[in-house]
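> Structure in structure tokens, see below.
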Amino acid sequence: MISIFVGNLSSYPSLLLSDNYKKEYYIKSFIKYSHQENIILLLDSLLKLKGATSDEVDELIIFEGPGLFTSLRIGYALAKAFYLKKPEYRLYTIKSLDALAITKGPDKGCYIPCLPAQKGEVFYAVYENGKQVSEVKIDNLENLKNNHSNCTIEYFPDFPDADVLYEAFIQLKDHLKPVNPIEAEPFYVRLPDAYTKIRKNLE
């Protein structure tokens, strides 16, 4: 069974291929924010390394958010394009903060992973003993440190890649359910100002 893990949030897009959940190939672009231009090229290269075609892909795993607006949209566009090619494939989504908490955080105690949210702020959620206990929110690091002095707060300057997504999925797969690629939508904490204005003009 071939699974493709899509690092659709990190600055440098990456993909990982596993066969029966055994990691086989990892590929990454070294052109920053080249998701739109290179995701398909990376996928083609990855499948060539395996000697497989897109018809043989059984699962696609992507980050659902929080993350940068364009990167999220590209990941979901790939998922929907896969559906047109192979409607029976399975799509799984994982939150970026969950992936970090599972792969980077401690098993015990309070842990807060943080990711850049622009405007000097961060995306974050609070985890207790490995489980999320708060909503995903936006704040600045100073406020977090003042309000959660009993927690380990870790800031990640870039979003997790396909390798982190794979490691998180391996730990979560027995509890995840596939989502409908056509109905799936990214998880946004805050929409970009330009997108918000467009939506208001259309209403």
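All residue names refer to the structure tokens as shown: chains lettered A, B, ... in order, residues numbered from 1 in each chain, ligands numbered from 1 in order.
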Give me, as a count of residues only, all polymer residues having an atom no more than 6 Å from stretch 33-40 of chain A, counting only C-alpha atoms and skipping those fewer than 3 positions away in the same chain.

4

> Per residue of stretch 95-157 of chain A within 12 Å of stretch 166-186 of chain A, record the nearest atom pair and its distance in Å to one decimal, counting only C-alpha atoms, with rows in chain order and ascending residue number, as a Markdown table.


| residue | atom | partner | partner_atom | distance |
| --- | --- | --- | --- | --- |
| A:Lys95 | CA | A:Pro186 | CA | 9.6 |
| A:Ser96 | CA | A:Ala168 | CA | 9.6 |
| A:Leu97 | CA | A:Ala168 | CA | 10.4 |
| A:Asp98 | CA | A:Ala168 | CA | 7.9 |
| A:Ala99 | CA | A:Ala168 | CA | 5.1 |
| A:Leu100 | CA | A:Ala168 | CA | 7.8 |
| A:Ala101 | CA | A:Ala168 | CA | 8.9 |
| A:Ile102 | CA | A:Ala168 | CA | 6.1 |
| A:Thr103 | CA | A:Ala168 | CA | 6.1 |
| A:Lys104 | CA | A:Ala168 | CA | 9.7 |
| A:Gly105 | CA | A:Ala168 | CA | 11.5 |
| A:Gly130 | CA | A:Gln171 | CA | 11.7 |
| A:Lys131 | CA | A:Leu172 | CA | 11.9 |

> Going by DSSP on the backbone, which residues of stretch 49-158 of chain A come out as strand (DSSP E or B)? List them as a ChimeraX atom specification.

/A:57-65,90-95,110-116,122-124,127-128,131-132,137-139,152-155

> Taking C-alpha atoms for each residue, export the selection above as a CSV table (one decimal), in the first residue's frame.


chain,number,residue,atom,x,y,z
A,57,VAL,CA,-1.3,5.6,-4.6
A,58,ASP,CA,-3.8,4.4,-2.0
A,59,GLU,CA,-3.5,7.2,0.5
A,60,LEU,CA,-2.7,10.9,0.6
A,61,ILE,CA,-1.9,12.6,3.9
A,62,ILE,CA,-1.8,16.4,4.2
A,63,PHE,CA,-1.7,19.1,6.8
A,64,GLU,CA,-5.1,20.7,7.5
A,65,GLY,CA,-3.8,23.8,9.2
A,90,ARG,CA,-8.2,7.7,1.1
A,91,LEU,CA,-7.4,11.2,2.3
A,92,TYR,CA,-6.2,11.9,5.9
A,93,THR,CA,-5.6,15.3,7.4
A,94,ILE,CA,-3.6,16.2,10.5
A,95,LYS,CA,-3.3,19.6,12.3
A,110,CYS,CA,2.0,21.1,29.8
A,111,TYR,CA,3.4,21.8,26.3
A,112,ILE,CA,2.7,24.6,23.9
A,113,PRO,CA,4.1,24.3,20.3
A,114,CYS,CA,4.0,27.6,18.4
A,115,LEU,CA,4.2,28.4,14.7
A,116,PRO,CA,4.6,31.8,12.9
A,122,VAL,CA,2.0,32.8,16.6
A,123,PHE,CA,-0.4,29.9,16.2
A,124,TYR,CA,-0.6,27.8,19.3
A,127,TYR,CA,-1.4,20.2,25.3
A,128,GLU,CA,-1.5,18.3,28.6
A,131,LYS,CA,-3.5,15.7,24.5
A,132,GLN,CA,-4.9,19.0,23.2
A,137,LYS,CA,-5.4,30.4,19.0
A,138,ILE,CA,-3.2,33.3,18.0
A,139,ASP,CA,-1.2,35.4,20.4
A,152,THR,CA,7.0,24.3,28.2
A,153,ILE,CA,6.7,26.7,25.3
A,154,GLU,CA,8.5,25.9,22.1
A,155,TYR,CA,8.6,28.1,19.0

> I'd like the interatomic distance between atom CA of A:Phe156 and atom CA of A:Asn8, to a tenth of an Å.

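So the two atoms, atom CA of A:Phe156 and atom CA of A:Asn8, lie 15.9 Å apart.
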
> Taking into account only C-alpha atoms, which residue in the set A:Leu17, A:Leu47, A:Ile27, A:Val136 is nearest to A:Gly67?

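Of the candidates, the smallest distance to A:Gly67 is held by A:Val136.
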
> Enumerate, as a VMD selection string, the complete set of residues in chain A that a backbone-based DSSP assignment places in helix (DSSP H, G or I).

chain A and resid 35 to 50 54 to 56 69 to 85 96 to 104 141 to 147 162 to 175 193 to 202

> Find the spatial neighbours of A:Leu15, counting only C-alpha atoms, within a cut-off of 9 Å - ignore same-chain residues fewer than 6 positions away - and output them as a list in words.

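After dropping sequence-adjacent residues, the list is Ile4, Phe5, Val6, Gly7, Asn8, Tyr25, Tyr26, Ile27, Lys28, Ile39, Leu42, Leu43, Leu46, Asp161, Ala162 and Asp163 of chain A.
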
> List as an NGL selection string the protein and nucleic acid residues near stretch 52-56 of chain A, meaning an atom at most 8 Å away when only C-alpha atoms are counted, but skip any in the same chain fewer than 3 places from it.

:A and (2 or 47-49 or 85-86)

> Just the selected residues (C-alpha atoms), exported as an mmCIF file, in the first residue's frame, please.


data_model
loop_
_atom_site.group_PDB
_atom_site.id
_atom_site.type_symbol
_atom_site.label_atom_id
_atom_site.label_comp_id
_atom_site.auth_asym_id
_atom_site.auth_seq_id
_atom_site.Cartn_x
_atom_site.Cartn_y
_atom_site.Cartn_z
ATOM 1 C CA ILE A 2 1.509 3.289 -1.134
ATOM 2 C CA LEU A 47 6.743 8.153 -7.998
ATOM 3 C CA LYS A 48 9.563 7.620 -10.507
ATOM 4 C CA LEU A 49 11.911 6.728 -7.643
ATOM 5 C CA LYS A 85 -7.802 10.657 -10.956
ATOM 6 C CA LYS A 86 -8.663 7.984 -8.378
#

> Just the number, please: distance in Å from atom CA of A:Gly51 to atom CA of A:Phe159, one decimal.

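One can read the atom CA of A:Gly51 to atom CA of A:Phe159 distance as 29.5 Å.
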